[in-house]
Amino acid sequence: MGTSADELLRELTGSGVRPGDEVVVPSYGTAEAAEAVLLAGARPVFVDIDANTFCIDPAAVADALTPRTAAVIAVHTFGHPADMARLGELGRRHGLVVIEHGARPEPASEVLRRQANAAYLNGKLRGVVTPWVAPGAQHTYQQYVVRVPGNGRPDRDAFARTLRSRGVVCHVPVQTPAHRTARFRRDMWLAETERAADECLALPVDAAMSRRELHRVVSACNALGGVLQAAA
């Protein structure tokens, strides 16, 4: 089950996390998880994400474990679930608490409409990398996040500005990973986290969107995607 930020703090303290403990968290996404760890008196340990799902990478978690590690926070990013099977196995093997964060209950009808809208975009968009869904997973598309190919952030930001000028509402889902903020700054390089921060863009996929509105998103993106892709 997913938790709110306050519930996350209560779950950390209730599960026995104490000052001096380490809690493994993703840097990509909101800083809620890391903030809750600090409030619990523990130390957040940032690790990289899976390049496809944008969720915390279980292999990176395994590499970051120390005798002080007490818990892992698995953030379900943009509506794609984290790999709870592998994270749960890590937890059982090393005696760690694994806490889920980021999922939220929503009306099934809204989720189904977003999934249908996402399926339409997946089938029509060209020149961007559409969201990947792990086999057997259910993506709820709380955000529809694509990668803009090219040379990283300059292309992505130019792409976004042009889309907005054409009436397509879009935004960069993660401007700055937590480990590069003043609050949590670490001298580290998380390759997939950095790449996602430079390349990702959230496009509209709201349940209330009409097919005409979706088509306008596709037309605007496709008119640019091929140009940027060729320029790369």
# chains A, B, ... in the order shown; residues from 1 in each chain; ligands from 1

$ closest_atom_pairs --of "stretch 24-130 of chain A" --to "stretch 172-194 of chain A" --cutoff "12 Å" --atoms "only C-alpha atoms" --output "CSV"
residue,atom,partner,partner_atom,distance
A:Val25,CA,A:Ala178,CA,9.9
A:Pro26,CA,A:Ala178,CA,8.3
A:Ser27,CA,A:Ala178,CA,4.9
A:Tyr28,CA,A:Pro177,CA,4.9
A:Gly29,CA,A:Val174,CA,5.8
A:Thr30,CA,A:Ala178,CA,7.2
A:Ala31,CA,A:Ala178,CA,5.7
A:Glu32,CA,A:Ala178,CA,9.4
A:Ala33,CA,A:Ala178,CA,9.8
A:Ala34,CA,A:Ala178,CA,7.9
A:Glu35,CA,A:Phe184,CA,8.9
A:Val37,CA,A:Phe184,CA,11.3
A:Leu38,CA,A:Phe184,CA,9.7
A:Arg43,CA,A:Phe184,CA,10.0
A:Pro44,CA,A:Phe184,CA,8.5
A:Val45,CA,A:His179,CA,9.2
A:Phe46,CA,A:His179,CA,6.8
A:Val47,CA,A:Leu190,CA,6.9
A:Asp48,CA,A:Leu190,CA,5.3
A:Ile49,CA,A:Thr193,CA,6.0
A:Asp50,CA,A:Glu192,CA,7.1
A:Ala51,CA,A:Glu192,CA,5.8
A:Asn52,CA,A:Glu192,CA,9.5
A:Thr53,CA,A:Glu192,CA,10.8
A:Phe54,CA,A:Thr193,CA,8.1
A:Cys55,CA,A:Thr193,CA,9.9
A:Ile56,CA,A:Thr193,CA,9.7
A:Asp57,CA,A:Glu192,CA,9.8
A:Ala60,CA,A:Leu190,CA,9.8
A:Thr77,CA,A:Pro173,CA,10.3
A:Phe78,CA,A:Pro173,CA,8.8

$ write_last_selection --atoms "N, CA and C atoms" --output "PDB file, in the first residue's frame"
ATOM      1  N   VAL A  25      16.919   5.264  -0.395  1.00  0.00           N
ATOM      2  CA  VAL A  25      15.837   5.955  -1.099  1.00  0.00           C
ATOM      3  C   VAL A  25      16.306   6.320  -2.513  1.00  0.00           C
ATOM      4  N   PRO A  26      15.362   6.488  -3.441  1.00  0.00           N
ATOM      5  CA  PRO A  26      15.753   7.002  -4.762  1.00  0.00           C
ATOM      6  C   PRO A  26      15.962   8.505  -4.700  1.00  0.00           C
ATOM      7  N   SER A  27      16.875   9.001  -5.514  1.00  0.00           N
ATOM      8  CA  SER A  27      17.070  10.444  -5.605  1.00  0.00           C
ATOM      9  C   SER A  27      16.117  11.070  -6.607  1.00  0.00           C
ATOM     10  N   TYR A  28      15.717  10.286  -7.618  1.00  0.00           N
ATOM     11  CA  TYR A  28      14.835  10.794  -8.673  1.00  0.00           C
ATOM     12  C   TYR A  28      13.394  10.776  -8.183  1.00  0.00           C
ATOM     13  N   GLY A  29      12.722  11.914  -8.286  1.00  0.00           N
ATOM     14  CA  GLY A  29      11.347  12.044  -7.800  1.00  0.00           C
ATOM     15  C   GLY A  29      11.267  13.177  -6.802  1.00  0.00           C
ATOM     16  N   THR A  30      10.227  13.168  -5.985  1.00  0.00           N
ATOM     17  CA  THR A  30      10.129  14.184  -4.957  1.00  0.00           C
ATOM     18  C   THR A  30      11.093  13.849  -3.820  1.00  0.00           C
ATOM     19  N   ALA A  31      11.347  14.837  -2.974  1.00  0.00           N
ATOM     20  CA  ALA A  31      12.245  14.622  -1.836  1.00  0.00           C
ATOM     21  C   ALA A  31      11.486  14.153  -0.606  1.00  0.00           C
ATOM     22  N   GLU A  32      10.212  13.794  -0.753  1.00  0.00           N
ATOM     23  CA  GLU A  32       9.406  13.399   0.404  1.00  0.00           C
ATOM     24  C   GLU A  32      10.033  12.246   1.180  1.00  0.00           C
ATOM     25  N   ALA A  33      10.485  11.223   0.463  1.00  0.00           N
ATOM     26  CA  ALA A  33      11.039  10.052   1.137  1.00  0.00           C
ATOM     27  C   ALA A  33      12.277  10.426   1.943  1.00  0.00           C
ATOM     28  N   ALA A  34      13.190  11.172   1.324  1.00  0.00           N
ATOM     29  CA  ALA A  34      14.410  11.568   2.021  1.00  0.00           C
ATOM     30  C   ALA A  34      14.100  12.480   3.203  1.00  0.00           C
ATOM     31  N   GLU A  35      13.135  13.365   3.040  1.00  0.00           N
ATOM     32  CA  GLU A  35      12.760  14.261   4.136  1.00  0.00           C
ATOM     33  C   GLU A  35      12.196  13.480   5.312  1.00  0.00           C
ATOM     34  N   VAL A  37      12.925  10.454   6.117  1.00  0.00           N
ATOM     35  CA  VAL A  37      14.049   9.759   6.746  1.00  0.00           C
ATOM     36  C   VAL A  37      14.773  10.697   7.706  1.00  0.00           C
ATOM     37  N   LEU A  38      15.040  11.919   7.270  1.00  0.00           N
ATOM     38  CA  LEU A  38      15.698  12.889   8.154  1.00  0.00           C
ATOM     39  C   LEU A  38      14.863  13.162   9.395  1.00  0.00           C
ATOM     40  N   ARG A  43      19.549   8.518   8.255  1.00  0.00           N
ATOM     41  CA  ARG A  43      20.312   9.102   7.142  1.00  0.00           C
ATOM     42  C   ARG A  43      19.816   8.521   5.827  1.00  0.00           C
ATOM     43  N   PRO A  44      19.351   9.377   4.896  1.00  0.00           N
ATOM     44  CA  PRO A  44      18.965   8.859   3.587  1.00  0.00           C
ATOM     45  C   PRO A  44      20.189   8.504   2.759  1.00  0.00           C
ATOM     46  N   VAL A  45      20.151   7.343   2.143  1.00  0.00           N
ATOM     47  CA  VAL A  45      21.211   6.885   1.240  1.00  0.00           C
ATOM     48  C   VAL A  45      20.605   6.831  -0.152  1.00  0.00           C
ATOM     49  N   PHE A  46      21.094   7.672  -1.055  1.00  0.00           N
ATOM     50  CA  PHE A  46      20.502   7.792  -2.383  1.00  0.00           C
ATOM     51  C   PHE A  46      21.086   6.759  -3.338  1.00  0.00           C
ATOM     52  N   VAL A  47      20.182   6.141  -4.116  1.00  0.00           N
ATOM     53  CA  VAL A  47      20.632   5.185  -5.130  1.00  0.00           C
ATOM     54  C   VAL A  47      19.944   5.495  -6.452  1.00  0.00           C
ATOM     55  N   ASP A  48      20.410   4.819  -7.489  1.00  0.00           N
ATOM     56  CA  ASP A  48      19.947   5.095  -8.838  1.00  0.00           C
ATOM     57  C   ASP A  48      18.613   4.412  -9.124  1.00  0.00           C
ATOM     58  N   ILE A  49      18.042   4.777 -10.271  1.00  0.00           N
ATOM     59  CA  ILE A  49      16.763   4.236 -10.704  1.00  0.00           C
ATOM     60  C   ILE A  49      16.956   3.255 -11.864  1.00  0.00           C
ATOM     61  N   ASP A  50      15.918   2.459 -12.101  1.00  0.00           N
ATOM     62  CA  ASP A  50      15.869   1.641 -13.298  1.00  0.00           C
ATOM     63  C   ASP A  50      15.595   2.553 -14.488  1.00  0.00           C
ATOM     64  N   ALA A  51      16.328   2.370 -15.574  1.00  0.00           N
ATOM     65  CA  ALA A  51      16.213   3.271 -16.722  1.00  0.00           C
ATOM     66  C   ALA A  51      14.856   3.198 -17.391  1.00  0.00           C
ATOM     67  N   ASN A  52      14.166   2.076 -17.269  1.00  0.00           N
ATOM     68  CA  ASN A  52      12.885   1.905 -17.945  1.00  0.00           C
ATOM     69  C   ASN A  52      11.699   2.376 -17.120  1.00  0.00           C
ATOM     70  N   THR A  53      11.683   2.041 -15.830  1.00  0.00           N
ATOM     71  CA  THR A  53      10.511   2.324 -14.998  1.00  0.00           C
ATOM     72  C   THR A  53      10.619   3.635 -14.224  1.00  0.00           C
ATOM     73  N   PHE A  54      11.823   4.169 -14.077  1.00  0.00           N
ATOM     74  CA  PHE A  54      12.107   5.350 -13.261  1.00  0.00           C
ATOM     75  C   PHE A  54      11.954   5.075 -11.765  1.00  0.00           C
ATOM     76  N   CYS A  55      11.742   3.830 -11.390  1.00  0.00           N
ATOM     77  CA  CYS A  55      11.631   3.447  -9.985  1.00  0.00           C
ATOM     78  C   CYS A  55      13.002   3.017  -9.448  1.00  0.00           C
ATOM     79  N   ILE A  56      13.126   2.944  -8.150  1.00  0.00           N
ATOM     80  CA  ILE A  56      14.380   2.563  -7.510  1.00  0.00           C
ATOM     81  C   ILE A  56      14.861   1.219  -8.057  1.00  0.00           C
ATOM     82  N   ASP A  57      16.155   1.132  -8.332  1.00  0.00           N
ATOM     83  CA  ASP A  57      16.748  -0.047  -8.949  1.00  0.00           C
ATOM     84  C   ASP A  57      17.169  -1.040  -7.857  1.00  0.00           C
ATOM     85  N   ALA A  60      20.878  -1.524  -7.488  1.00  0.00           N
ATOM     86  CA  ALA A  60      21.549  -0.398  -6.836  1.00  0.00           C
ATOM     87  C   ALA A  60      21.318  -0.428  -5.330  1.00  0.00           C
ATOM     88  N   THR A  77       6.885   5.380  -9.089  1.00  0.00           N
ATOM     89  CA  THR A  77       7.140   6.636  -9.774  1.00  0.00           C
ATOM     90  C   THR A  77       6.242   6.825 -10.984  1.00  0.00           C
ATOM     91  N   PHE A  78       5.544   7.947 -11.015  1.00  0.00           N
ATOM     92  CA  PHE A  78       4.668   8.346 -12.128  1.00  0.00           C
ATOM     93  C   PHE A  78       3.494   7.387 -12.337  1.00  0.00           C
TER      94      PHE A  78
END

$ select_by_dssp --residues "stretch 5-201 of chain A" --states "alpha helix (DSSP H)" --output "ChimeraX atom specification"
/A:5-14,32-39,58-64,84-94,108-124,153-165,191-199

$ write_last_selection --atoms "C-alpha atoms" --output "PDB file, in the first residue's frame"
ATOM      1  CA  ALA A   5       4.445  11.788   3.545  1.00  0.00           C
ATOM      2  CA  ASP A   6       3.130  11.903   7.125  1.00  0.00           C
ATOM      3  CA  GLU A   7       2.222   8.221   7.033  1.00  0.00           C
ATOM      4  CA  LEU A   8       5.671   7.484   5.660  1.00  0.00           C
ATOM      5  CA  LEU A   9       7.302   9.128   8.671  1.00  0.00           C
ATOM      6  CA  ARG A  10       5.024   7.219  11.042  1.00  0.00           C
ATOM      7  CA  GLU A  11       5.794   3.955   9.263  1.00  0.00           C
ATOM      8  CA  LEU A  12       9.531   4.568   9.468  1.00  0.00           C
ATOM      9  CA  THR A  13       9.482   5.257  13.187  1.00  0.00           C
ATOM     10  CA  GLY A  14       6.910   2.548  13.849  1.00  0.00           C
ATOM     11  CA  GLU A  32       9.406  13.399   0.404  1.00  0.00           C
ATOM     12  CA  ALA A  33      11.039  10.052   1.137  1.00  0.00           C
ATOM     13  CA  ALA A  34      14.410  11.568   2.021  1.00  0.00           C
ATOM     14  CA  GLU A  35      12.760  14.261   4.136  1.00  0.00           C
ATOM     15  CA  ALA A  36      10.811  11.660   6.111  1.00  0.00           C
ATOM     16  CA  VAL A  37      14.049   9.759   6.746  1.00  0.00           C
ATOM     17  CA  LEU A  38      15.698  12.889   8.154  1.00  0.00           C
ATOM     18  CA  LEU A  39      12.681  13.609  10.335  1.00  0.00           C
ATOM     19  CA  PRO A  58      16.921  -3.181  -6.762  1.00  0.00           C
ATOM     20  CA  ALA A  59      20.482  -3.878  -7.951  1.00  0.00           C
ATOM     21  CA  ALA A  60      21.549  -0.398  -6.836  1.00  0.00           C
ATOM     22  CA  VAL A  61      19.825  -0.978  -3.494  1.00  0.00           C
ATOM     23  CA  ALA A  62      21.753  -4.214  -2.999  1.00  0.00           C
ATOM     24  CA  ASP A  63      25.044  -2.436  -3.697  1.00  0.00           C
ATOM     25  CA  ALA A  64      24.258   0.308  -1.170  1.00  0.00           C
ATOM     26  CA  MET A  84       8.405  -5.138  -5.011  1.00  0.00           C
ATOM     27  CA  ALA A  85       9.242  -8.797  -5.657  1.00  0.00           C
ATOM     28  CA  ARG A  86      12.991  -8.145  -5.854  1.00  0.00           C
ATOM     29  CA  LEU A  87      12.948  -5.492  -3.142  1.00  0.00           C
ATOM     30  CA  GLY A  88      10.943  -7.751  -0.850  1.00  0.00           C
ATOM     31  CA  GLU A  89      13.463 -10.539  -1.376  1.00  0.00           C
ATOM     32  CA  LEU A  90      16.279  -8.145  -0.467  1.00  0.00           C
ATOM     33  CA  GLY A  91      14.376  -7.150   2.635  1.00  0.00           C
ATOM     34  CA  ARG A  92      13.870 -10.760   3.736  1.00  0.00           C
ATOM     35  CA  ARG A  93      17.472 -11.703   3.016  1.00  0.00           C
ATOM     36  CA  HIS A  94      18.975  -8.782   4.942  1.00  0.00           C
ATOM     37  CA  ALA A 108     -10.957   2.787 -11.358  1.00  0.00           C
ATOM     38  CA  SER A 109     -12.785   4.651 -14.106  1.00  0.00           C
ATOM     39  CA  GLU A 110     -10.210   7.455 -14.097  1.00  0.00           C
ATOM     40  CA  VAL A 111      -7.298   5.027 -14.183  1.00  0.00           C
ATOM     41  CA  LEU A 112      -8.860   3.131 -17.079  1.00  0.00           C
ATOM     42  CA  ARG A 113      -9.384   6.320 -19.075  1.00  0.00           C
ATOM     43  CA  ARG A 114      -5.801   7.426 -18.495  1.00  0.00           C
ATOM     44  CA  GLN A 115      -4.572   4.007 -19.535  1.00  0.00           C
ATOM     45  CA  ALA A 116      -6.638   4.243 -22.718  1.00  0.00           C
ATOM     46  CA  ASN A 117      -5.254   7.720 -23.412  1.00  0.00           C
ATOM     47  CA  ALA A 118      -1.726   6.476 -22.776  1.00  0.00           C
ATOM     48  CA  ALA A 119      -2.277   3.558 -25.149  1.00  0.00           C
ATOM     49  CA  TYR A 120      -3.364   6.013 -27.855  1.00  0.00           C
ATOM     50  CA  LEU A 121      -0.284   8.188 -27.310  1.00  0.00           C
ATOM     51  CA  ASN A 122       1.989   5.131 -27.242  1.00  0.00           C
ATOM     52  CA  GLY A 123       0.705   4.082 -30.621  1.00  0.00           C
ATOM     53  CA  LYS A 124       0.903   7.487 -32.296  1.00  0.00           C
ATOM     54  CA  ARG A 153      18.470  18.923 -21.422  1.00  0.00           C
ATOM     55  CA  PRO A 154      18.905  21.635 -24.104  1.00  0.00           C
ATOM     56  CA  ASP A 155      16.864  19.600 -26.583  1.00  0.00           C
ATOM     57  CA  ARG A 156      14.282  18.589 -23.993  1.00  0.00           C
ATOM     58  CA  ASP A 157      13.751  22.149 -22.803  1.00  0.00           C
ATOM     59  CA  ALA A 158      13.527  23.520 -26.336  1.00  0.00           C
ATOM     60  CA  PHE A 159      11.042  20.768 -27.163  1.00  0.00           C
ATOM     61  CA  ALA A 160       8.920  21.716 -24.132  1.00  0.00           C
ATOM     62  CA  ARG A 161       8.954  25.430 -24.942  1.00  0.00           C
ATOM     63  CA  THR A 162       7.786  24.772 -28.481  1.00  0.00           C
ATOM     64  CA  LEU A 163       5.004  22.446 -27.331  1.00  0.00           C
ATOM     65  CA  ARG A 164       3.741  25.083 -24.899  1.00  0.00           C
ATOM     66  CA  SER A 165       3.770  27.694 -27.654  1.00  0.00           C
ATOM     67  CA  ALA A 191      23.924   7.912 -14.110  1.00  0.00           C
ATOM     68  CA  GLU A 192      20.300   6.983 -14.849  1.00  0.00           C
ATOM     69  CA  THR A 193      18.961   9.578 -12.431  1.00  0.00           C
ATOM     70  CA  GLU A 194      20.992  12.321 -14.109  1.00  0.00           C
ATOM     71  CA  ARG A 195      19.948  11.178 -17.579  1.00  0.00           C
ATOM     72  CA  ALA A 196      16.271  11.077 -16.655  1.00  0.00           C
ATOM     73  CA  ALA A 197      16.449  14.569 -15.142  1.00  0.00           C
ATOM     74  CA  ASP A 198      17.854  15.838 -18.458  1.00  0.00           C
ATOM     75  CA  GLU A 199      15.617  13.945 -20.892  1.00  0.00           C
TER      76      GLU A 199
END

$ closest_residue --among "A:Ala202, A:Val168, A:Leu214, A:Val129" --to "A:Tyr144" --atoms "only C-alpha atoms"
A:Ala202

$ closest_residue --among "A:Gly102, A:Pro107, A:Gly95, A:Pro19" --to "A:Ile73" --atoms "only C-alpha atoms"
A:Gly102

$ residues_around --residues "A:Arg216" --least-positions-apart "6" --cutoff "10 Å" --atoms "only C-alpha atoms" --output "list in words"
Arg166, Gly167, Val168, Ser210 and Asn222 of chain A

$ write_last_selection --atoms "C-alpha atoms" --output "CSV table (one decimal), in the first residue's frame"
chain,number,residue,atom,x,y,z
A,166,ARG,CA,1.5,25.4,-29.6
A,167,GLY,CA,-1.0,25.0,-26.7
A,168,VAL,CA,0.2,21.7,-25.3
A,210,SER,CA,-10.9,14.1,-25.7
A,222,ASN,CA,5.6,14.4,-34.0

$ atom_distance --atom1 "atom CA of A:Pro131" --atom2 "atom CA of A:Ala71"
28.5 Å

$ closest_residue --among "A:Val145, A:Leu96, A:Ala82, A:Leu203" --to "A:Ala70" --atoms "only C-alpha atoms"
A:Leu96

$ select_by_dssp --residues "stretch 5-224 of chain A" --states "strand (DSSP E)" --output "ChimeraX atom specification"
/A:22-26,43-47,69-75,97-101,144-147,200-203

$ residues_around --residues "A:Gly20" --least-positions-apart "3" --cutoff "10 Å" --atoms "only C-alpha atoms" --output "ChimeraX atom specification"
/A:17,23,40-43,68-70

$ write_last_selection --atoms "C-alpha atoms" --output "mmCIF file, in the first residue's frame"
data_model
loop_
_atom_site.group_PDB
_atom_site.id
_atom_site.type_symbol
_atom_site.label_atom_id
_atom_site.label_comp_id
_atom_site.auth_asym_id
_atom_site.auth_seq_id
_atom_site.Cartn_x
_atom_site.Cartn_y
_atom_site.Cartn_z
ATOM 1 C CA VAL A 17 14.095 3.035 12.301
ATOM 2 C CA VAL A 23 17.461 4.187 4.826
ATOM 3 C CA ALA A 40 12.943 10.085 11.689
ATOM 4 C CA GLY A 41 16.518 10.874 12.707
ATOM 5 C CA ALA A 42 18.059 8.525 10.160
ATOM 6 C CA ARG A 43 20.312 9.102 7.142
ATOM 7 C CA ARG A 68 23.625 0.242 9.324
ATOM 8 C CA THR A 69 20.892 -0.141 6.697
ATOM 9 C CA ALA A 70 17.507 -0.490 8.386
#

$ closest_residue --among "A:Asp206, A:Asp21, A:Glu106, A:Asp83" --to "A:Val169" --atoms "only C-alpha atoms"
A:Asp206

$ residues_around --residues "A:Ala74" --least-positions-apart "4" --cutoff "6 Å" --atoms "only C-alpha atoms" --output "JSON, numbers by chain"
{"A": [99, 100, 101]}

$ write_last_selection --atoms "all heavy atoms" --output "PDB file, in the first residue's frame"
ATOM      1  N   ILE A  99       9.340  -0.253   2.603  1.00  0.00           N
ATOM      2  CA  ILE A  99       8.153   0.595   2.698  1.00  0.00           C
ATOM      3  C   ILE A  99       7.794   1.121   1.319  1.00  0.00           C
ATOM      4  O   ILE A  99       8.647   1.647   0.602  1.00  0.00           O
ATOM      5  CB  ILE A  99       8.410   1.775   3.667  1.00  0.00           C
ATOM      6  CG1 ILE A  99       8.730   1.242   5.065  1.00  0.00           C
ATOM      7  CG2 ILE A  99       7.198   2.712   3.707  1.00  0.00           C
ATOM      8  CD1 ILE A  99       9.185   2.325   6.027  1.00  0.00           C
ATOM      9  N   GLU A 100       6.535   0.995   0.952  1.00  0.00           N
ATOM     10  CA  GLU A 100       6.065   1.498  -0.338  1.00  0.00           C
ATOM     11  C   GLU A 100       5.590   2.937  -0.199  1.00  0.00           C
ATOM     12  O   GLU A 100       4.968   3.297   0.799  1.00  0.00           O
ATOM     13  CB  GLU A 100       4.919   0.639  -0.860  1.00  0.00           C
ATOM     14  CG  GLU A 100       5.296  -0.806  -1.129  1.00  0.00           C
ATOM     15  CD  GLU A 100       4.132  -1.590  -1.677  1.00  0.00           C
ATOM     16  OE1 GLU A 100       3.626  -1.231  -2.754  1.00  0.00           O
ATOM     17  OE2 GLU A 100       3.717  -2.565  -1.020  1.00  0.00           O
ATOM     18  N   HIS A 101       5.860   3.733  -1.226  1.00  0.00           N
ATOM     19  CA  HIS A 101       5.472   5.142  -1.201  1.00  0.00           C
ATOM     20  C   HIS A 101       5.157   5.608  -2.617  1.00  0.00           C
ATOM     21  O   HIS A 101       5.849   5.241  -3.567  1.00  0.00           O
ATOM     22  CB  HIS A 101       6.602   5.995  -0.625  1.00  0.00           C
ATOM     23  CG  HIS A 101       6.284   7.458  -0.528  1.00  0.00           C
ATOM     24  ND1 HIS A 101       5.231   7.946   0.192  1.00  0.00           N
ATOM     25  CD2 HIS A 101       6.893   8.539  -1.084  1.00  0.00           C
ATOM     26  CE1 HIS A 101       5.207   9.270   0.086  1.00  0.00           C
ATOM     27  NE2 HIS A 101       6.196   9.658  -0.688  1.00  0.00           N
TER      28      HIS A 101
END

$ atom_distance --atom1 "atom CA of A:Gly79" --atom2 "atom CA of A:Cys200"
14.9 Å

$ atom_distance --atom1 "atom CA of A:Pro149" --atom2 "atom CA of A:Glu213"
23.5 Å

$ residues_around --residues "A:Ala137" --least-positions-apart "2" --cutoff "10 Å" --atoms "only C-alpha atoms" --output "PDB file with N, CA, C and O atoms, in the first residue's frame"
ATOM      1  N   HIS A  80       4.010   3.956 -12.160  1.00  0.00           N
ATOM      2  CA  HIS A  80       4.553   2.618 -12.407  1.00  0.00           C
ATOM      3  C   HIS A  80       5.028   2.038 -11.077  1.00  0.00           C
ATOM      4  O   HIS A  80       5.774   2.685 -10.350  1.00  0.00           O
ATOM      5  N   PRO A  81       4.625   0.812 -10.754  1.00  0.00           N
ATOM      6  CA  PRO A  81       5.033   0.235  -9.475  1.00  0.00           C
ATOM      7  C   PRO A  81       6.510  -0.122  -9.446  1.00  0.00           C
ATOM      8  O   PRO A  81       7.084  -0.545 -10.458  1.00  0.00           O
ATOM      9  N   ALA A  82       7.111   0.057  -8.287  1.00  0.00           N
ATOM     10  CA  ALA A  82       8.483  -0.412  -8.085  1.00  0.00           C
ATOM     11  C   ALA A  82       8.494  -1.941  -8.101  1.00  0.00           C
ATOM     12  O   ALA A  82       7.454  -2.590  -7.965  1.00  0.00           O
ATOM     13  N   ASP A  83       9.674  -2.506  -8.273  1.00  0.00           N
ATOM     14  CA  ASP A  83       9.818  -3.966  -8.337  1.00  0.00           C
ATOM     15  C   ASP A  83       9.786  -4.531  -6.917  1.00  0.00           C
ATOM     16  O   ASP A  83      10.821  -4.818  -6.311  1.00  0.00           O
ATOM     17  N   VAL A 133       6.364  -0.352 -19.699  1.00  0.00           N
ATOM     18  CA  VAL A 133       5.656  -1.018 -18.607  1.00  0.00           C
ATOM     19  C   VAL A 133       6.238  -2.410 -18.437  1.00  0.00           C
ATOM     20  O   VAL A 133       6.312  -3.183 -19.399  1.00  0.00           O
ATOM     21  N   ALA A 134       6.650  -2.734 -17.221  1.00  0.00           N
ATOM     22  CA  ALA A 134       7.227  -4.046 -16.947  1.00  0.00           C
ATOM     23  C   ALA A 134       6.182  -5.139 -17.153  1.00  0.00           C
ATOM     24  O   ALA A 134       4.992  -4.931 -16.885  1.00  0.00           O
ATOM     25  N   PRO A 135       6.588  -6.305 -17.637  1.00  0.00           N
ATOM     26  CA  PRO A 135       5.637  -7.401 -17.812  1.00  0.00           C
ATOM     27  C   PRO A 135       4.891  -7.707 -16.517  1.00  0.00           C
ATOM     28  O   PRO A 135       5.494  -7.832 -15.449  1.00  0.00           O
ATOM     29  N   HIS A 139       0.509   0.111 -15.000  1.00  0.00           N
ATOM     30  CA  HIS A 139       0.881   1.523 -14.945  1.00  0.00           C
ATOM     31  C   HIS A 139      -0.410   2.336 -14.878  1.00  0.00           C
ATOM     32  O   HIS A 139      -1.287   2.189 -15.722  1.00  0.00           O
ATOM     33  N   THR A 140      -0.520   3.205 -13.867  1.00  0.00           N
ATOM     34  CA  THR A 140      -1.729   4.028 -13.731  1.00  0.00           C
ATOM     35  C   THR A 140      -1.585   5.407 -14.363  1.00  0.00           C
ATOM     36  O   THR A 140      -2.533   6.177 -14.381  1.00  0.00           O
TER      37      THR A 140
END
